[in-house]
file structure_18.txt (compact mmCIF, C-alpha atoms)
# COMPACT_ATOMS: atom_id res chain seq x y z
CA MET L 1 -14.98 14.62 -32.47
CA MET L 2 -13.25 17.14 -30.24
CA GLU L 3 -9.70 18.08 -31.16
CA LYS L 4 -6.85 17.07 -28.91
CA ALA L 5 -6.95 18.93 -25.61
CA LYS L 6 -4.79 22.03 -25.42
CA ARG L 7 -5.93 23.58 -22.13
CA VAL L 8 -6.02 21.25 -19.13
CA SER L 9 -7.03 22.19 -15.60
CA VAL L 10 -5.89 20.08 -12.67
CA CYS L 11 -8.16 20.59 -9.70
CA GLY L 12 -6.17 19.59 -6.66
CA CYS L 13 -2.39 20.07 -7.00
CA GLY L 14 -1.23 17.89 -4.14
CA TRP L 15 0.84 14.70 -4.10
CA LEU L 16 -0.59 13.46 -7.40
CA GLY L 17 -1.91 16.65 -8.98
CA LEU L 18 1.27 18.74 -8.75
CA PRO L 19 3.61 16.34 -10.59
CA LEU L 20 0.81 15.74 -13.11
CA ALA L 21 0.46 19.49 -13.73
CA LYS L 22 4.24 19.84 -14.08
CA ARG L 23 4.34 17.03 -16.62
CA LEU L 24 1.48 18.57 -18.59
CA HIS L 25 3.19 21.96 -18.62
CA HIS L 26 6.47 20.48 -19.84
CA SER L 27 4.54 18.51 -22.48
CA GLY L 28 3.22 21.73 -23.99
CA TYR L 29 -0.29 21.91 -22.58
CA GLU L 30 -1.66 25.21 -21.32
CA THR L 31 -1.91 24.04 -17.73
CA PHE L 32 -4.02 25.46 -14.93
CA GLY L 33 -3.76 24.17 -11.38
CA SER L 34 -5.74 24.84 -8.24
CA LYS L 35 -4.74 25.40 -4.64
CA GLN L 36 -6.80 26.51 -1.68
CA THR L 37 -4.65 29.54 -0.85
CA GLN L 38 -3.14 32.45 -2.75
CA GLU L 39 0.30 31.43 -1.53
CA GLY L 40 -0.21 27.97 -2.99
CA ALA L 41 -1.36 29.42 -6.31
CA GLU L 42 1.74 31.61 -6.45
CA VAL L 43 3.95 28.54 -5.96
CA LEU L 44 2.29 26.99 -9.02
CA GLU L 45 2.90 30.18 -11.02
CA ARG L 46 6.61 30.00 -10.32
CA GLN L 47 6.62 26.51 -11.89
CA GLY L 48 4.96 27.62 -15.10
CA ILE L 49 1.48 26.46 -14.06
CA LYS L 50 -1.37 28.99 -14.07
CA GLY L 51 -2.29 28.92 -10.41
CA VAL L 52 -5.90 29.53 -9.34
CA VAL L 53 -7.39 29.70 -5.87
CA VAL L 54 -10.31 27.26 -5.68
CA ARG L 55 -12.22 26.72 -2.45
CA LEU L 56 -14.96 24.14 -2.52
CA PRO L 57 -17.88 24.10 -2.65
CA LEU L 58 -18.01 26.78 -5.32
CA LEU L 59 -20.68 29.38 -4.66
CA LEU L 60 -23.16 30.53 -7.31
CA GLU L 61 -21.75 34.05 -7.31
CA ALA L 62 -19.98 35.49 -10.34
CA HIS L 63 -16.56 33.96 -10.84
CA SER L 64 -13.37 35.88 -11.54
CA PRO L 65 -11.93 35.81 -15.08
CA THR L 66 -9.09 33.63 -13.81
CA LEU L 67 -11.45 31.11 -12.24
CA ASN L 68 -13.60 31.09 -15.37
CA ALA L 69 -10.53 30.36 -17.49
CA PHE L 70 -9.71 27.47 -15.14
CA LEU L 71 -13.26 26.10 -15.38
CA ALA L 72 -13.50 26.44 -19.18
CA ALA L 73 -10.76 23.91 -19.91
CA ASP L 74 -10.75 21.46 -22.76
CA VAL L 75 -10.35 18.81 -20.07
CA MET L 76 -10.51 19.13 -16.30
CA VAL L 77 -8.78 16.53 -14.15
CA LEU L 78 -10.85 16.35 -10.98
CA ASN L 79 -8.38 15.10 -8.40
CA VAL L 80 -9.77 16.13 -5.01
CA PRO L 81 -9.54 13.43 -2.32
CA PRO L 82 -11.90 13.72 0.66
CA GLY L 83 -9.09 14.95 2.94
CA ARG L 84 -8.93 15.04 6.70
CA GLN L 85 -10.96 18.23 7.03
CA THR L 86 -14.00 16.81 5.23
CA THR L 87 -16.44 15.86 7.94
CA SER L 88 -18.86 13.72 5.92
CA ALA L 89 -19.43 11.98 2.63
CA ASP L 90 -22.27 14.41 1.89
CA GLU L 91 -19.93 17.38 2.32
CA TYR L 92 -17.36 15.83 -0.02
CA SER L 93 -20.02 15.02 -2.61
CA THR L 94 -21.35 18.59 -2.47
CA LYS L 95 -17.86 19.96 -3.13
CA ILE L 96 -17.23 17.73 -6.13
CA LEU L 97 -20.65 18.29 -7.70
CA SER L 98 -20.41 22.06 -7.27
CA LEU L 99 -17.16 22.04 -9.23
CA SER L 100 -18.60 19.77 -11.91
CA GLU L 101 -21.67 21.98 -12.34
CA ALA L 102 -19.60 25.17 -12.53
CA ALA L 103 -17.24 23.63 -15.12
CA LYS L 104 -20.16 22.42 -17.20
CA THR L 105 -21.85 25.83 -17.04
CA VAL L 106 -18.75 27.81 -17.99
CA GLY L 107 -17.90 25.56 -20.94
CA CYS L 108 -15.51 22.77 -19.94
CA HIS L 109 -15.61 20.08 -22.63
CA ARG L 110 -14.53 16.94 -20.83
CA LEU L 111 -13.80 15.63 -17.34
CA ILE L 112 -11.45 13.03 -15.88
CA PHE L 113 -12.56 11.97 -12.39
CA ILE L 114 -9.88 10.35 -10.25
CA SER L 115 -11.71 7.64 -8.33
CA THR L 116 -10.60 4.59 -6.34
CA THR L 117 -10.72 0.82 -6.61
CA SER L 118 -12.31 0.84 -3.14
CA VAL L 119 -15.62 1.07 -5.06
CA TYR L 120 -15.24 -2.71 -5.53
CA GLY L 121 -15.48 -3.22 -1.77
CA ASP L 122 -14.90 -6.73 -0.45
CA ALA L 123 -14.91 -8.48 -3.82
CA GLU L 124 -12.72 -11.56 -3.98
CA GLY L 125 -10.67 -12.88 -6.86
CA GLU L 126 -10.20 -11.17 -10.20
CA VAL L 127 -11.73 -7.70 -10.64
CA THR L 128 -11.99 -6.23 -14.12
CA GLU L 129 -13.25 -2.91 -15.45
CA SER L 130 -16.70 -4.45 -15.94
CA THR L 131 -17.00 -5.66 -12.33
CA GLU L 132 -19.97 -3.96 -10.68
CA PRO L 133 -19.08 -1.67 -7.76
CA ALA L 134 -20.12 -2.99 -4.36
CA PRO L 135 -18.49 -0.56 -1.91
CA SER L 136 -18.16 -1.47 1.75
CA THR L 137 -16.55 1.72 3.11
CA GLU L 138 -17.71 5.32 3.25
CA SER L 139 -14.99 6.36 0.80
CA GLY L 140 -15.96 3.61 -1.61
CA ARG L 141 -19.65 4.48 -1.37
CA VAL L 142 -19.23 8.21 -1.96
CA HIS L 143 -16.91 7.64 -4.92
CA ALA L 144 -19.29 5.12 -6.50
CA ASP L 145 -22.18 7.54 -6.06
CA LEU L 146 -20.20 10.43 -7.53
CA GLU L 147 -19.20 8.32 -10.52
CA GLN L 148 -22.89 7.76 -11.28
CA GLN L 149 -23.90 11.39 -10.82
CA LEU L 150 -21.03 12.68 -12.94
CA ARG L 151 -21.83 10.14 -15.66
CA GLN L 152 -25.42 11.41 -15.79
CA SER L 153 -24.11 14.95 -16.33
CA TRP L 154 -21.18 14.31 -18.67
CA GLY L 155 -22.01 11.05 -20.47
CA ASP L 156 -19.09 9.84 -22.58
CA ASP L 157 -17.30 13.15 -21.99
CA LEU L 158 -16.35 11.71 -18.59
CA VAL L 159 -13.54 9.23 -17.98
CA VAL L 160 -13.58 7.63 -14.54
CA LEU L 161 -10.08 6.50 -13.56
CA ARG L 162 -10.17 4.20 -10.53
CA LEU L 163 -6.77 3.93 -8.86
CA ALA L 164 -5.39 1.19 -6.67
CA GLY L 165 -3.18 2.11 -3.71
CA LEU L 166 -0.71 4.82 -4.69
CA ILE L 167 3.02 4.53 -4.15
CA GLY L 168 5.82 6.90 -5.07
CA PRO L 169 8.02 9.62 -3.57
CA GLN L 170 7.43 10.01 0.19
CA ARG L 171 4.41 7.72 -0.02
CA HIS L 172 4.45 4.03 0.80
CA PRO L 173 2.28 2.06 3.24
CA VAL L 174 5.18 -0.07 4.48
CA LYS L 175 6.21 2.69 6.88
CA PHE L 176 2.91 2.23 8.73
CA LEU L 177 3.31 -1.55 8.92
CA ALA L 178 7.01 -1.84 9.76
CA GLY L 179 7.58 -3.70 13.00
CA ARG L 180 3.92 -4.36 13.68
CA GLN L 181 2.82 -7.78 14.96
CA GLY L 182 -0.20 -9.95 14.19
CA ILE L 183 -1.34 -8.11 11.06
CA ALA L 184 -4.44 -9.69 9.53
CA ASN L 185 -4.96 -10.97 6.00
CA GLY L 186 -1.34 -11.63 5.17
CA GLY L 187 -2.39 -13.89 2.32
CA ALA L 188 -4.49 -11.28 0.50
CA PRO L 189 -3.05 -9.85 -2.74
CA VAL L 190 -1.79 -6.27 -2.90
CA ASN L 191 -3.11 -3.79 -5.45
CA LEU L 192 -0.73 -0.87 -5.94
CA VAL L 193 0.26 1.53 -8.70
CA HIS L 194 3.14 3.97 -8.98
CA LEU L 195 2.59 7.71 -9.39
CA ASP L 196 4.48 7.82 -12.70
CA ASP L 197 2.25 5.16 -14.25
CA VAL L 198 -0.85 7.10 -13.15
CA ILE L 199 0.48 10.26 -14.82
CA SER L 200 1.17 8.29 -18.00
CA ALA L 201 -2.42 7.02 -17.95
CA VAL L 202 -3.88 10.52 -17.60
CA ILE L 203 -1.76 11.82 -20.46
CA ALA L 204 -2.79 8.86 -22.63
CA ILE L 205 -6.45 9.75 -21.99
CA LEU L 206 -5.77 13.36 -22.97
CA GLU L 207 -3.89 12.34 -26.12
CA CYS L 208 -6.65 10.05 -27.35
CA TRP L 209 -10.00 10.04 -25.55
CA PRO L 210 -10.88 6.36 -25.04
CA THR L 211 -14.11 4.65 -26.00
CA MET L 212 -13.91 2.72 -22.71
CA THR L 213 -14.72 5.52 -20.30
CA THR L 214 -14.54 3.64 -17.00
CA VAL L 215 -11.01 2.37 -16.45
CA HIS L 216 -8.85 1.34 -13.54
CA LEU L 217 -5.15 1.02 -12.85
CA SER L 218 -3.12 -1.37 -10.74
CA ALA L 219 0.31 -2.81 -11.44
CA PRO L 220 0.06 -6.35 -12.88
CA GLN L 221 1.91 -8.02 -9.98
CA HIS L 222 -0.19 -9.01 -6.97
CA PRO L 223 2.02 -10.70 -4.37
CA SER L 224 0.56 -11.48 -0.97
CA ARG L 225 0.57 -8.71 1.61
CA GLU L 226 2.97 -10.71 3.77
CA LYS L 227 5.45 -11.36 0.97
CA TYR L 228 5.29 -7.81 -0.37
CA TYR L 229 5.50 -5.79 2.82
CA ARG L 230 8.24 -7.93 4.36
CA GLN L 231 10.29 -7.45 1.18
CA MET L 232 9.63 -3.69 1.16
CA ALA L 233 10.69 -3.46 4.81
CA ARG L 234 13.95 -5.25 3.93
CA LEU L 235 14.63 -2.91 1.01
CA ALA L 236 13.89 0.14 3.18
CA GLY L 237 15.92 -1.10 6.15
CA LEU L 238 12.87 -1.18 8.41
CA ALA L 239 11.77 -3.71 11.03
CA LEU L 240 9.91 -6.58 9.40
CA PRO L 241 6.15 -6.73 9.95
CA GLU L 242 4.65 -9.99 11.21
CA PHE L 243 1.40 -11.29 9.73
CA GLN L 244 -1.17 -13.76 10.95
CA PRO L 245 -1.27 -16.94 8.85
CA GLY L 246 -3.99 -17.32 6.24
CA GLY L 247 -6.70 -14.71 5.98
CA GLU L 248 -9.15 -13.57 3.33
CA GLN L 249 -8.57 -14.31 -0.33
CA GLY L 250 -9.08 -10.67 -1.25
CA LYS L 251 -9.37 -9.09 -4.70
CA TRP L 252 -6.79 -8.53 -7.38
CA ILE L 253 -7.27 -5.76 -9.91
CA ASN L 254 -6.77 -6.88 -13.51
CA ALA L 255 -6.09 -3.70 -15.49
CA SER L 256 -5.07 -5.38 -18.76
CA ALA L 257 -8.08 -3.99 -20.65
CA THR L 258 -7.26 -0.46 -19.48
CA VAL L 259 -3.61 -0.87 -20.46
CA GLU L 260 -4.65 -2.01 -23.93
CA ALA L 261 -7.30 0.70 -24.36
CA LEU L 262 -4.87 3.47 -23.41
CA GLY L 263 -1.81 1.99 -25.10
CA LEU L 264 0.18 2.09 -21.87
CA ASN L 265 3.67 0.76 -21.28
CA TRP L 266 4.36 0.07 -17.63
CA ARG L 267 7.26 1.95 -16.11
CA TYR L 268 6.96 0.20 -12.74
CA GLU L 269 5.56 -3.22 -13.53
CA ASP L 270 7.75 -5.20 -11.10
CA ILE L 271 6.70 -3.75 -7.76
CA MET L 272 8.57 -6.43 -5.82
CA THR L 273 11.93 -4.92 -6.81
CA LEU L 274 10.90 -1.27 -6.46
CA ALA L 275 12.32 0.00 -3.17
CA PRO L 276 10.04 2.32 -1.19
CA GLU L 277 10.72 6.03 -1.71
CA LEU L 278 10.19 7.09 1.92

call {"tool": "encode", "arguments": {"input": "structure_18.txt", "output": "structure tokens"}}
result
Amino acid sequence: MMEKAKRVSVCGCGWLGLPLAKRLHHSGYETFGSKQTQEGAEVLERQGIKGVVVRLPLLLEAHSPTLNAFLAADVMVLNVPPGRQTTSADEYSTKILSLSEAAKTVGCHRLIFISTTSVYGDAEGEVTESTEPAPSTESGRVHADLEQQLRQSWGDDLVVLRLAGLIGPQRHPVKFLAGRQGIANGGAPVNLVHLDDVISAVIAILECWPTMTTVHLSAPQHPSREKYYRQMARLAGLALPEFQPGGEQGKWINASATVEALGLNWRYEDIMTLAPEL
């Protein structure tokens, strides 16, 4: 059994990755973080994180000592969303697999892949960690495919963490719905999780590598879209959105097995009373 991780590399220090890297640094981990520019890497350095410039896909040329140190982590957190500049699913997949291969070659021990609950597609009703993926969007399909390819390479040294919709500082979908009329599927349940609870989950994985290596995370409350977003608009002082009556049943993500496996305590369990941080 591998000892507790001491060196952790966070690939992708954006909205989720940067606060995660900060938390790891303050928790005593030797923390590396990646940005696409030298300026971005220097910002990480000023915050105590060992900043590395990583541009994907990684080429097969010799890597710098700094990049090799980043790749040879005890655990790498692979947190690279497709992004607006990615032109195709194939391009995104190539980027992720090039990083995985380089990390494996240089000597990284374990990998956490940040995936998405969109791999479950248009499933209806309760969705658990054992529900088979059936993606219906390009994002869902590429993530499901990458999960399989990474599993073939890493085996049980990979944890796939599928996240529901992310909320937190300067990020909440209500701002895109405020004041809109005739929104469909008002009766469908929401599946959301706060940034701080995601960070707690990643740290729990690092502290004690789980035997259940495909997990997902969504807050346990699943109010209807209409009820939730109208309440969030009220709390944020925004114009109320108007929904069409009825609509699809939709899926609700049951993460109770993940919470038990990781020993998590919810910080933001009651999402109905959590005002948007716009």

call {"tool": "residues_around", "arguments": {"input": "structure_18.txt", "residues": "Leu161 of chain L", "least_positions_apart": "6", "cutoff": "6 Å", "atoms": "all atoms listed in the file", "output": "PyMOL selection string"}}
result
chain L and resi 114-115+215-216

call {"tool": "residues_around", "arguments": {"input": "structure_18.txt", "residues": "Val77 of chain L", "least_positions_apart": "4", "cutoff": "8 Å", "atoms": "all atoms listed in the file", "output": "ChimeraX atom specification"}}
result
/L:8-11,111-114

call {"tool": "atom_distance", "arguments": {"input": "structure_18.txt", "atom1": "atom CA of Val119 of chain L", "atom2": "atom CA of Leu146 of chain L"}}
result
10.7 Å

call {"tool": "closest_residue", "arguments": {"input": "structure_18.txt", "among": "L:Glu61, L:Thr116, L:Ile49, L:Val160", "to": "Ala102 of chain L", "atoms": "only C-alpha atoms"}}
result
L:Glu61

call {"tool": "residues_around", "arguments": {"input": "structure_18.txt", "residues": "segment 19-23 of chain L", "least_positions_apart": "3", "cutoff": "8 Å", "atoms": "all atoms listed in the file", "output": "ChimeraX atom specification"}}
result
/L:10,13,15-16,26-27,31-33,47-49,199

call {"tool": "closest_residue", "arguments": {"input": "structure_18.txt", "among": "L:Leu18, L:Ala233, L:Leu206, L:Leu44", "to": "Leu158 of chain L", "atoms": "all atoms listed in the file"}}
result
L:Leu206

call {"tool": "atom_distance", "arguments": {"input": "structure_18.txt", "atom1": "atom CA of Glu101 of chain L", "atom2": "atom CA of Gln152 of chain L"}}
result
11.7 Å

call {"tool": "residues_around", "arguments": {"input": "structure_18.txt", "residues": "Arg230 of chain L", "least_positions_apart": "2", "cutoff": "12 Å", "atoms": "only C-alpha atoms", "output": "ChimeraX atom specification"}}
result
/L:173-175,177-181,183,186,223-228,232-243,272,275-276

call {"tool": "closest_atom_pairs", "arguments": {"input": "structure_18.txt", "of": "segment 124-239 of chain L", "to": "segment 67-76 of chain L", "cutoff": "12 Å", "atoms": "only C-alpha atoms", "output": "CSV"}}
result
residue,atom,partner,partner_atom,distance
L:Trp154,CA,L:Val75,CA,11.8
L:Asp157,CA,L:Val75,CA,9.2
L:Leu158,CA,L:Val75,CA,9.4
L:Val159,CA,L:Val75,CA,10.3
L:Val202,CA,L:Val75,CA,10.8
L:Ile203,CA,L:Val75,CA,11.1
L:Ile205,CA,L:Val75,CA,10.0
L:Leu206,CA,L:Val75,CA,7.7
L:Glu207,CA,L:Val75,CA,11.0
L:Cys208,CA,L:Val75,CA,12.0
L:Trp209,CA,L:Val75,CA,10.3

call {"tool": "atom_distance", "arguments": {"input": "structure_18.txt", "atom1": "atom CA of Ser118 of chain L", "atom2": "atom CA of Gly165 of chain L"}}
result
9.2 Å

call {"tool": "closest_residue", "arguments": {"input": "structure_18.txt", "among": "L:Val53, L:Val142, L:Ala184, L:Ala123", "to": "Leu97 of chain L", "atoms": "all atoms listed in the file"}}
result
L:Val142

call {"tool": "closest_residue", "arguments": {"input": "structure_18.txt", "among": "L:His63, L:Glu260, L:Gly83, L:Ile271", "to": "Ala103 of chain L", "atoms": "all atoms listed in the file"}}
result
L:His63

call {"tool": "residues_around", "arguments": {"input": "structure_18.txt", "residues": "Gln221 of chain L", "least_positions_apart": "2", "cutoff": "10 Å", "atoms": "all atoms listed in the file", "output": "ChimeraX atom specification"}}
result
/L:189-193,218-219,223-224,252-254,269-272
